[in-house]
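*Asks:* This is data-v8.csv, which holds CSV, C-alpha atoms:
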```csv
chain,number,residue,atom,x,y,z
A,1,MET,CA,2.8,10.5,-30.1
A,2,THR,CA,4.0,13.5,-28.1
A,3,ALA,CA,6.8,13.6,-25.6
A,4,ALA,CA,4.4,13.0,-22.8
A,5,ASP,CA,3.1,9.9,-24.5
A,6,VAL,CA,6.6,8.5,-24.9
A,7,LEU,CA,7.4,9.3,-21.3
A,8,MET,CA,4.2,7.6,-20.1
A,9,LEU,CA,4.9,4.5,-22.2
A,10,ALA,CA,8.4,4.2,-20.8
A,11,LEU,CA,7.4,4.8,-17.2
A,12,GLY,CA,4.4,2.5,-17.5
A,13,ALA,CA,6.6,-0.2,-18.9
A,14,VAL,CA,8.9,0.2,-15.9
A,15,ALA,CA,6.0,0.2,-13.5
A,16,VAL,CA,4.4,-2.9,-14.9
A,17,GLY,CA,7.7,-4.7,-15.3
A,18,ALA,CA,8.6,-4.0,-11.7
A,19,GLY,CA,5.1,-5.0,-10.6
A,20,VAL,CA,5.5,-8.4,-12.4
A,21,LEU,CA,8.8,-8.9,-10.4
A,22,VAL,CA,7.1,-7.9,-7.1
A,23,ALA,CA,4.4,-10.4,-7.7
A,24,SER,CA,6.7,-13.2,-8.9
A,25,THR,CA,10.2,-12.9,-7.5
A,26,ARG,CA,11.5,-15.6,-5.2
A,27,HIS,CA,13.7,-13.2,-3.1
A,28,LEU,CA,11.7,-11.6,-0.4
A,29,VAL,CA,13.9,-8.5,0.0
A,30,ARG,CA,14.1,-8.0,-3.7
A,31,ALA,CA,10.3,-7.8,-3.9
A,32,GLY,CA,10.5,-4.8,-1.6
A,33,LEU,CA,13.2,-3.2,-3.7
A,34,TYR,CA,11.2,-3.8,-6.9
A,35,LEU,CA,8.3,-2.2,-5.2
A,36,VAL,CA,10.4,0.9,-4.8
A,37,VAL,CA,11.0,0.9,-8.6
A,38,CYS,CA,7.3,0.4,-9.3
A,39,LEU,CA,6.2,3.1,-6.9
A,40,GLY,CA,8.9,5.5,-8.3
A,41,ALA,CA,7.7,4.9,-11.8
A,42,VAL,CA,4.1,5.6,-10.8
A,43,ALA,CA,5.3,8.8,-9.2
A,44,GLY,CA,6.9,9.7,-12.5
A,45,LEU,CA,3.6,9.0,-14.2
A,46,TYR,CA,1.9,11.4,-11.7
A,47,LEU,CA,4.5,14.1,-12.7
A,48,VAL,CA,3.7,13.6,-16.4
A,49,LEU,CA,0.0,13.8,-15.6
A,50,THR,CA,0.7,17.2,-13.9
A,51,ALA,CA,-0.1,16.0,-10.4
A,52,GLU,CA,3.0,17.5,-8.8
A,53,LEU,CA,2.0,17.4,-5.2
A,54,VAL,CA,0.7,13.9,-5.4
A,55,ALA,CA,3.9,12.7,-7.0
A,56,TRP,CA,6.0,14.2,-4.1
A,57,VAL,CA,3.7,12.8,-1.5
A,58,GLN,CA,3.9,9.4,-3.2
A,59,LEU,CA,7.7,9.5,-3.0
A,60,LEU,CA,7.7,10.7,0.6
A,61,ILE,CA,5.0,8.4,2.0
A,62,TYR,CA,5.2,5.3,-0.2
A,63,VAL,CA,8.8,5.0,-1.1
A,64,GLY,CA,10.0,6.7,2.1
A,65,ALA,CA,7.8,5.3,4.8
A,66,VAL,CA,5.7,2.3,3.6
A,67,VAL,CA,8.5,0.5,1.8
A,68,VAL,CA,10.8,1.0,4.8
A,69,LEU,CA,8.1,-0.4,7.1
A,70,LEU,CA,7.7,-3.4,4.8
A,71,LEU,CA,11.5,-4.0,4.7
A,72,PHE,CA,11.5,-3.7,8.5
A,73,ALA,CA,8.8,-6.4,8.6
A,74,VAL,CA,10.9,-8.6,6.4
A,75,MET,CA,13.8,-8.2,8.8
A,76,LEU,CA,11.8,-8.7,12.0
A,77,THR,CA,10.1,-11.9,10.7
A,78,ARG,CA,13.5,-13.4,10.0
A,79,ALA,CA,12.8,-13.8,6.3
A,80,PRO,CA,15.1,-16.2,4.4
A,81,ILE,CA,18.0,-14.5,2.6
A,82,GLY,CA,18.3,-15.6,-0.9
A,83,ALA,CA,15.8,-17.5,-3.0
A,84,ALA,CA,13.0,-19.2,-1.2
A,85,ASP,CA,10.8,-21.9,-2.8
A,86,ASP,CA,7.9,-21.8,-0.3
A,87,LEU,CA,6.7,-18.2,-1.0
A,88,ASP,CA,4.1,-19.2,-3.5
A,89,ARG,CA,1.2,-21.5,-3.8
A,90,PRO,CA,0.2,-23.1,-7.1
A,91,GLY,CA,-0.3,-20.3,-9.5
A,92,TRP,CA,-3.0,-21.0,-12.1
A,93,PRO,CA,-6.1,-19.8,-10.2
A,94,ALA,CA,-4.3,-16.6,-9.2
A,95,ALA,CA,-3.1,-16.1,-12.7
A,96,LEU,CA,-6.7,-16.7,-14.0
A,97,VAL,CA,-8.3,-14.2,-11.6
A,98,GLY,CA,-5.5,-11.6,-11.7
A,99,GLY,CA,-5.0,-11.8,-15.4
A,100,GLY,CA,-8.8,-11.8,-16.0
A,101,SER,CA,-9.4,-8.7,-13.8
A,102,GLY,CA,-6.3,-6.8,-15.2
A,103,LEU,CA,-7.0,-7.5,-18.8
A,104,GLY,CA,-10.7,-7.1,-18.4
A,105,LEU,CA,-10.3,-3.6,-16.8
A,106,ALA,CA,-7.7,-2.7,-19.5
A,107,ALA,CA,-10.2,-3.7,-22.3
A,108,LEU,CA,-13.0,-1.8,-20.6
A,109,LEU,CA,-10.9,1.4,-20.3
A,110,VAL,CA,-9.4,1.1,-23.8
A,111,ASP,CA,-13.0,0.6,-25.1
A,112,ALA,CA,-14.1,3.8,-23.4
A,113,TYR,CA,-11.1,6.0,-24.3
A,114,ARG,CA,-9.9,4.5,-27.6
A,115,TRP,CA,-6.8,6.4,-28.9
A,116,SER,CA,-8.2,9.9,-28.1
A,117,THR,CA,-6.1,12.8,-27.1
A,118,VAL,CA,-6.6,15.2,-24.2
A,119,ASP,CA,-4.8,18.4,-23.4
A,120,LEU,CA,-2.9,18.2,-20.1
A,121,PRO,CA,-4.6,20.3,-17.4
A,122,GLU,CA,-3.0,23.0,-15.3
A,123,PRO,CA,-0.5,21.5,-12.8
A,124,GLY,CA,-1.8,20.4,-9.5
A,125,THR,CA,0.6,22.4,-7.4
A,126,ALA,CA,0.5,22.4,-3.6
A,127,GLU,CA,-1.3,25.8,-3.7
A,128,ARG,CA,-4.1,24.8,-6.0
A,129,LEU,CA,-4.6,21.4,-4.4
A,130,GLY,CA,-4.5,22.8,-0.9
A,131,THR,CA,-7.0,25.4,-1.8
A,132,GLU,CA,-9.3,22.7,-3.2
A,133,LEU,CA,-8.7,20.4,-0.2
A,134,PHE,CA,-9.5,23.0,2.4
A,135,ARG,CA,-12.4,24.5,0.5
A,136,ALA,CA,-14.4,21.3,-0.5
A,137,TRP,CA,-12.9,18.4,1.4
A,138,VAL,CA,-12.3,19.7,4.9
A,139,LEU,CA,-14.5,17.1,6.7
A,140,PRO,CA,-12.9,14.1,5.0
A,141,PHE,CA,-9.5,15.6,5.7
A,142,GLU,CA,-10.3,15.9,9.4
A,143,VAL,CA,-11.9,12.4,9.6
A,144,LEU,CA,-8.7,11.0,8.0
A,145,SER,CA,-6.6,12.6,10.7
A,146,VAL,CA,-8.7,10.8,13.3
A,147,LEU,CA,-8.3,7.6,11.3
A,148,LEU,CA,-4.5,8.0,11.3
A,149,LEU,CA,-4.5,8.6,15.0
A,150,SER,CA,-6.6,5.5,15.7
A,151,ALA,CA,-4.5,3.4,13.4
A,152,LEU,CA,-1.4,4.5,15.3
A,153,VAL,CA,-3.0,3.7,18.6
A,154,GLY,CA,-4.2,0.4,17.3
A,155,ALA,CA,-0.8,-0.6,15.9
A,156,ILE,CA,0.8,0.1,19.3
A,157,ALA,CA,-1.9,-1.8,21.1
A,158,ILE,CA,-1.5,-4.8,18.9
A,159,SER,CA,2.2,-4.9,19.2
A,160,VAL,CA,2.4,-4.7,22.9
A,161,ARG,CA,4.8,-7.4,24.1
A,162,ILE,CA,3.0,-10.2,25.9
A,163,PRO,CA,4.7,-10.8,29.2
A,164,GLU,CA,4.0,-14.5,29.6
A,165,ARG,CA,6.0,-15.6,26.6
A,166,ARG,CA,9.4,-13.8,26.5
A,167,ARG,CA,11.4,-14.7,23.5
B,1,MET,CA,-1.7,13.2,-24.1
B,2,ARG,CA,-3.3,9.8,-24.7
B,3,PRO,CA,-5.2,8.8,-21.6
B,4,ALA,CA,-5.4,5.2,-22.8
B,5,ILE,CA,-1.7,4.6,-21.8
B,6,PRO,CA,-1.9,5.4,-18.0
B,7,TYR,CA,-5.3,3.7,-17.8
B,8,VAL,CA,-3.9,0.5,-19.2
B,9,VAL,CA,-0.9,0.7,-16.9
B,10,ALA,CA,-3.3,1.1,-13.9
B,11,ALA,CA,-5.4,-1.8,-15.0
B,12,LEU,CA,-2.4,-4.1,-15.4
B,13,LEU,CA,-1.0,-3.0,-12.1
B,14,PHE,CA,-4.3,-3.9,-10.4
B,15,GLY,CA,-4.3,-7.3,-12.1
B,16,LEU,CA,-0.8,-7.9,-10.9
B,17,GLY,CA,-1.8,-6.9,-7.4
B,18,VAL,CA,-4.7,-9.4,-7.4
B,19,TYR,CA,-2.4,-12.1,-8.8
B,20,GLY,CA,0.1,-11.4,-6.0
B,21,VAL,CA,-2.5,-11.4,-3.2
B,22,LEU,CA,-3.9,-14.8,-4.4
B,23,ARG,CA,-0.5,-16.3,-5.2
B,24,ARG,CA,1.7,-15.3,-2.3
B,25,ARG,CA,1.9,-17.3,0.9
B,26,ASN,CA,4.1,-14.9,2.9
B,27,ALA,CA,2.0,-12.2,4.7
B,28,VAL,CA,4.5,-9.4,4.0
B,29,LEU,CA,4.4,-10.2,0.3
B,30,VAL,CA,0.6,-10.2,0.4
B,31,LEU,CA,0.8,-6.7,1.9
B,32,MET,CA,3.2,-5.6,-0.9
B,33,SER,CA,0.7,-6.8,-3.5
B,34,VAL,CA,-2.1,-4.9,-1.7
B,35,GLU,CA,0.1,-1.8,-2.1
B,36,LEU,CA,0.3,-2.5,-5.8
B,37,MET,CA,-3.5,-2.6,-6.0
B,38,LEU,CA,-3.8,0.7,-4.1
B,39,ASN,CA,-1.3,2.3,-6.4
B,40,ALA,CA,-3.2,1.2,-9.4
B,41,VAL,CA,-6.3,2.9,-8.0
B,42,ASN,CA,-4.4,6.0,-7.3
B,43,LEU,CA,-3.1,6.1,-10.8
B,44,LEU,CA,-6.6,5.6,-12.1
B,45,LEU,CA,-7.8,8.6,-10.0
B,46,VAL,CA,-5.1,10.9,-11.1
B,47,THR,CA,-5.6,10.0,-14.7
B,48,ALA,CA,-9.3,10.4,-14.5
B,49,ASP,CA,-8.6,13.9,-13.0
B,50,ALA,CA,-6.4,14.9,-15.9
B,51,ALA,CA,-8.5,13.2,-18.7
B,52,PRO,CA,-12.1,12.8,-17.8
B,53,LEU,CA,-14.3,10.8,-20.2
B,54,HIS,CA,-16.2,13.8,-21.4
B,55,ALA,CA,-13.0,15.6,-22.4
B,56,ALA,CA,-11.7,12.5,-24.3
B,57,THR,CA,-14.9,11.8,-26.2
B,58,GLY,CA,-16.0,15.4,-26.8
B,59,ARG,CA,-19.3,15.1,-24.9
B,60,PRO,CA,-20.6,18.0,-22.7
B,61,ALA,CA,-19.3,17.9,-19.2
B,62,PRO,CA,-21.7,16.3,-16.7
B,63,THR,CA,-23.2,18.6,-14.0
B,64,VAL,CA,-24.8,18.0,-10.6
B,65,ASP,CA,-27.7,20.4,-10.0
B,66,GLY,CA,-26.3,22.7,-12.6
B,67,ALA,CA,-22.9,23.0,-11.1
B,68,ALA,CA,-19.8,21.7,-12.8
B,69,ALA,CA,-17.5,19.1,-11.2
B,70,LEU,CA,-15.0,20.4,-8.7
B,71,PRO,CA,-11.5,20.7,-10.1
B,72,LEU,CA,-8.7,18.4,-8.8
B,73,THR,CA,-11.1,16.0,-7.1
B,74,GLY,CA,-9.2,13.0,-8.3
B,75,GLN,CA,-5.9,14.3,-6.9
B,76,ALA,CA,-7.5,15.2,-3.5
B,77,PHE,CA,-8.9,11.6,-3.3
B,78,THR,CA,-5.5,10.2,-4.2
B,79,LEU,CA,-4.0,12.0,-1.2
B,80,PHE,CA,-6.8,10.5,0.9
B,81,VAL,CA,-6.1,7.0,-0.4
B,82,ILE,CA,-2.4,7.4,0.3
B,83,VAL,CA,-3.1,8.3,3.9
B,84,ILE,CA,-5.5,5.3,4.2
B,85,ALA,CA,-2.8,3.1,2.7
B,86,ALA,CA,-0.3,4.3,5.3
B,87,ALA,CA,-2.7,3.6,8.1
B,88,GLU,CA,-3.5,0.2,6.6
B,89,VAL,CA,0.1,-0.9,6.2
B,90,GLY,CA,0.9,0.2,9.8
B,91,VAL,CA,-1.8,-1.8,11.4
B,92,GLY,CA,-1.3,-4.7,8.9
B,93,LEU,CA,2.4,-5.0,9.8
B,94,ALA,CA,1.7,-4.8,13.5
B,95,ILE,CA,-0.7,-7.8,13.0
B,96,VAL,CA,1.9,-9.6,11.0
B,97,LEU,CA,4.6,-9.1,13.6
B,98,GLN,CA,2.3,-10.2,16.3
B,99,LEU,CA,1.4,-13.3,14.3
B,100,TYR,CA,5.1,-14.1,13.9
B,101,ARG,CA,5.7,-13.6,17.6
B,102,LEU,CA,2.9,-16.0,18.6
B,103,ARG,CA,3.1,-18.7,15.9
B,104,GLY,CA,6.7,-18.3,14.6
B,105,THR,CA,5.6,-18.1,11.0
B,106,VAL,CA,4.1,-15.5,8.6
B,107,THR,CA,2.9,-18.1,6.1
B,108,VAL,CA,-0.8,-17.4,5.7
B,109,ASP,CA,-1.6,-21.0,4.8
B,110,ASP,CA,-0.2,-22.2,8.1
B,111,VAL,CA,-2.4,-20.0,10.3
B,112,ARG,CA,-5.0,-22.3,11.9
B,113,LEU,CA,-8.1,-20.3,12.8
B,114,ASP,CA,-9.8,-23.3,14.5
B,115,THR,CA,-7.1,-23.9,17.1
B,116,HIS,CA,-6.5,-21.8,20.3
B,117,THR,CA,-3.0,-21.2,21.6
B,118,PRO,CA,-3.3,-20.6,25.3
B,119,ASP,CA,-1.1,-17.6,25.7
B,120,THR,CA,-2.7,-15.6,22.9
B,121,GLY,CA,-5.8,-13.5,22.6
B,122,PRO,CA,-6.8,-10.2,24.1
B,123,ARG,CA,-6.7,-11.5,27.6
B,124,ALA,CA,-2.9,-11.4,27.7
B,125,ILE,CA,-2.8,-7.9,26.1
B,126,VAL,CA,-5.4,-6.4,28.4
B,127,GLU,CA,-3.7,-7.9,31.5
B,128,ALA,CA,-0.3,-6.9,30.3
B,129,PRO,CA,0.3,-3.5,32.1
B,130,ALA,CA,-0.5,-4.3,35.7
B,131,PRO,CA,1.3,-7.7,36.3
B,132,GLY,CA,4.1,-6.8,33.9
B,133,THR,CA,5.1,-3.6,35.7
B,134,ALA,CA,4.6,-5.3,39.1
B,135,VAL,CA,6.8,-8.3,38.0
B,136,THR,CA,9.5,-6.1,36.6
B,137,ALA,CA,9.6,-3.9,39.7
B,138,ALA,CA,9.8,-7.1,41.9
B,139,GLU,CA,12.5,-8.5,39.6
B,140,ARG,CA,14.5,-5.3,39.8
B,141,ALA,CA,14.2,-5.3,43.6
B,142,ALA,CA,15.4,-8.8,43.7
B,143,GLY,CA,18.3,-8.0,41.3
B,144,ARG,CA,17.2,-10.7,38.8
B,145,THR,CA,17.3,-8.4,35.7
B,146,ALA,CA,20.3,-10.1,34.1
B,147,GLY,CA,18.3,-11.3,31.0
B,148,PRO,CA,16.5,-8.1,30.0
B,149,ALA,CA,19.5,-5.9,30.9
B,150,THR,CA,21.9,-7.8,28.5
B,151,GLU,CA,19.1,-7.8,26.0
B,152,GLY,CA,18.4,-4.1,26.2
B,153,PRO,CA,21.5,-2.4,24.6
B,154,GLY,CA,21.5,-4.8,21.7
B,155,ARG,CA,18.2,-3.5,20.4
```
Show me the file's structure as structure tokens.
*Replies:*
Amino acid sequence: MTAADVLMLALGAVAVGAGVLVASTRHLVRAGLYLVVCLGAVAGLYLVLTAELVAWVQLLIYVGAVVVLLLFAVMLTRAPIGAADDLDRPGWPAALVGGGSGLGLAALLVDAYRWSTVDLPEPGTAERLGTELFRAWVLPFEVLSVLLLSALVGAIAISVRIPERRR
Amino acid sequence: MRPAIPYVVAALLFGLGVYGVLRRRNAVLVLMSVELMLNAVNLLLVTADAAPLHAATGRPAPTVDGAAALPLTGQAFTLFVIVIAAAEVGVGLAIVLQLYRLRGTVTVDDVRLDTHTPDTGPRAIVEAPAPGTAVTAAERAAGRTAGPATEGPGR
């Protein structure tokens, strides 16, 4: 067990624990805040795995933008403050499918990797990742920019206020 | 570095996301669970980039037409997935907000797909600009903008 292993175990425990709370808490707003903890722990895992740029992008876009959007949606849909009992439907089919897929994937990956060790690669800094991105993945990058633009236009078109029914 | 640790974390996060999507009734919580699943896949990609199977098991690296795999492919794809997730959550929340505006609820069990509410649908959205601007201009000319004017600064 090296320092990286201990760090990954701790961050992984935080991420999974916060994920359990996201999927099970009865407070709508707290689910968003637990999601921040979970995504932050995953960003820490990225840092330990030497993916620097991805970790900072994760913090910027997920924690900074996506969670804020989700919390705004919680506000705009007049979510109940405090515990709500009607957030869940009966749980055992979901537990069966979710637990089965999660534990099955974990067993599959553990079976493939066992307890082997790997040297950590060179850090994925912005320079190295950018070089790779613009050398090998230029076309997907550009297609993604078009996708982002069309998603933006689509979101605006969907949320145009309908005049017949003013609230 | 033991690659089994982040792999197991990713698998468990994915299972939690599946559980949340199936269990939750609130549409915003369903979207949060989808984010959990996307993050699990991102973690899987980054870990596979740092610790590919051939490095962990001591086999020779696989090649495609004699060329080795590109470096940092997993991290590049993680960036792509993050961008797609941002687009997905933007459109998804716009749909959720519109659903709340039309039906007054975001509980996915209560959405009746076989009923038709008369003021919904693309017709109203398509027709929105022309009559809307005309009506507001006429209202302003008639001086009947008391409702929207008091509503405006509050937002």
*Asks:* Name all residues at most 12 Å from Leu96 (chain A) (count only C-alpha atoms; drop same-chain ones fewer than 2 positions away) and give them as a list in words.
*Replies:*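 The neighbour list is Pro90, Gly91, Trp92, Pro93, Ala94, Gly98, Gly99, Gly100, Ser101, Gly102, Leu103 and Gly104 of chain A; Gly15, Leu16, Val18, Tyr19, Gly20, Leu22 and Arg23 of chain B.
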*Asks:* Identify every residue of chain B that has at least one atom within 7 Å of any atom of chain A, counting only C-alpha atoms, and report the result as a PyMOL selection string.
*Replies:* chain B and resi 1-9+11-16+18-20+22-26+28+33+47+50-51+55-56+72+75-76+79+86-87+89-91+93-95+97-98+100+124-125+128+132
*Asks:* How many Å lie between CA of Val46 (chain B) and CA of Gly74 (chain B), rounded to one decimal?
*Replies:*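 Straight-line distance from CA of Val46 (chain B) to CA of Gly74 (chain B) works out to 5.4 Å.
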*Asks:* Given only C-alpha atoms as the basis, pick out the residue of B:Ile84, B:Gly92, B:Val108, B:Phe77 nearest to Ala48 (chain B).
*Replies:*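 Once distances to Ala48 (chain B) are computed over only C-alpha atoms, the minimum belongs to B:Phe77.
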*Asks:* Which value, in Å to one decimal, gives the distance between CA of Thr73 (chain B) and CA of Thr57 (chain B)?
*Replies:*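 It comes out at 19.9 Å.
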*Asks:* Mind pulling up the distance from CA of Met32 (chain B) to CA of Arg26 (chain A)?
*Replies:*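 Between these atoms lies a distance of 13.7 Å.
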*Asks:* So, counting all atoms listed in the file, which residue among B:Val83, B:Leu45, B:Ala61, B:Leu31 is closest to Ala10 (chain B)?
*Replies:*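 Looking only at the distances to Ala10 (chain B), the closest residue turns out to be B:Leu45.
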*Asks:* Let me make sure I understand: among A:Thr131, A:Gly64, A:Leu7, A:His27, which one has the smallest atom-to-atom distance to Asp85 (chain A) if we use all atoms listed in the file?
*Replies:*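 Selected residue with least distance to Asp85 (chain A): A:His27.
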*Asks:* Calculated over only C-alpha atoms, which of the candidates B:Val81, B:Ala67, B:Leu99, B:Val106 has the smallest distance to Ala40 (chain B)?
*Replies:*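 Answer, going by the shortest atom-to-atom distance: B:Val81.
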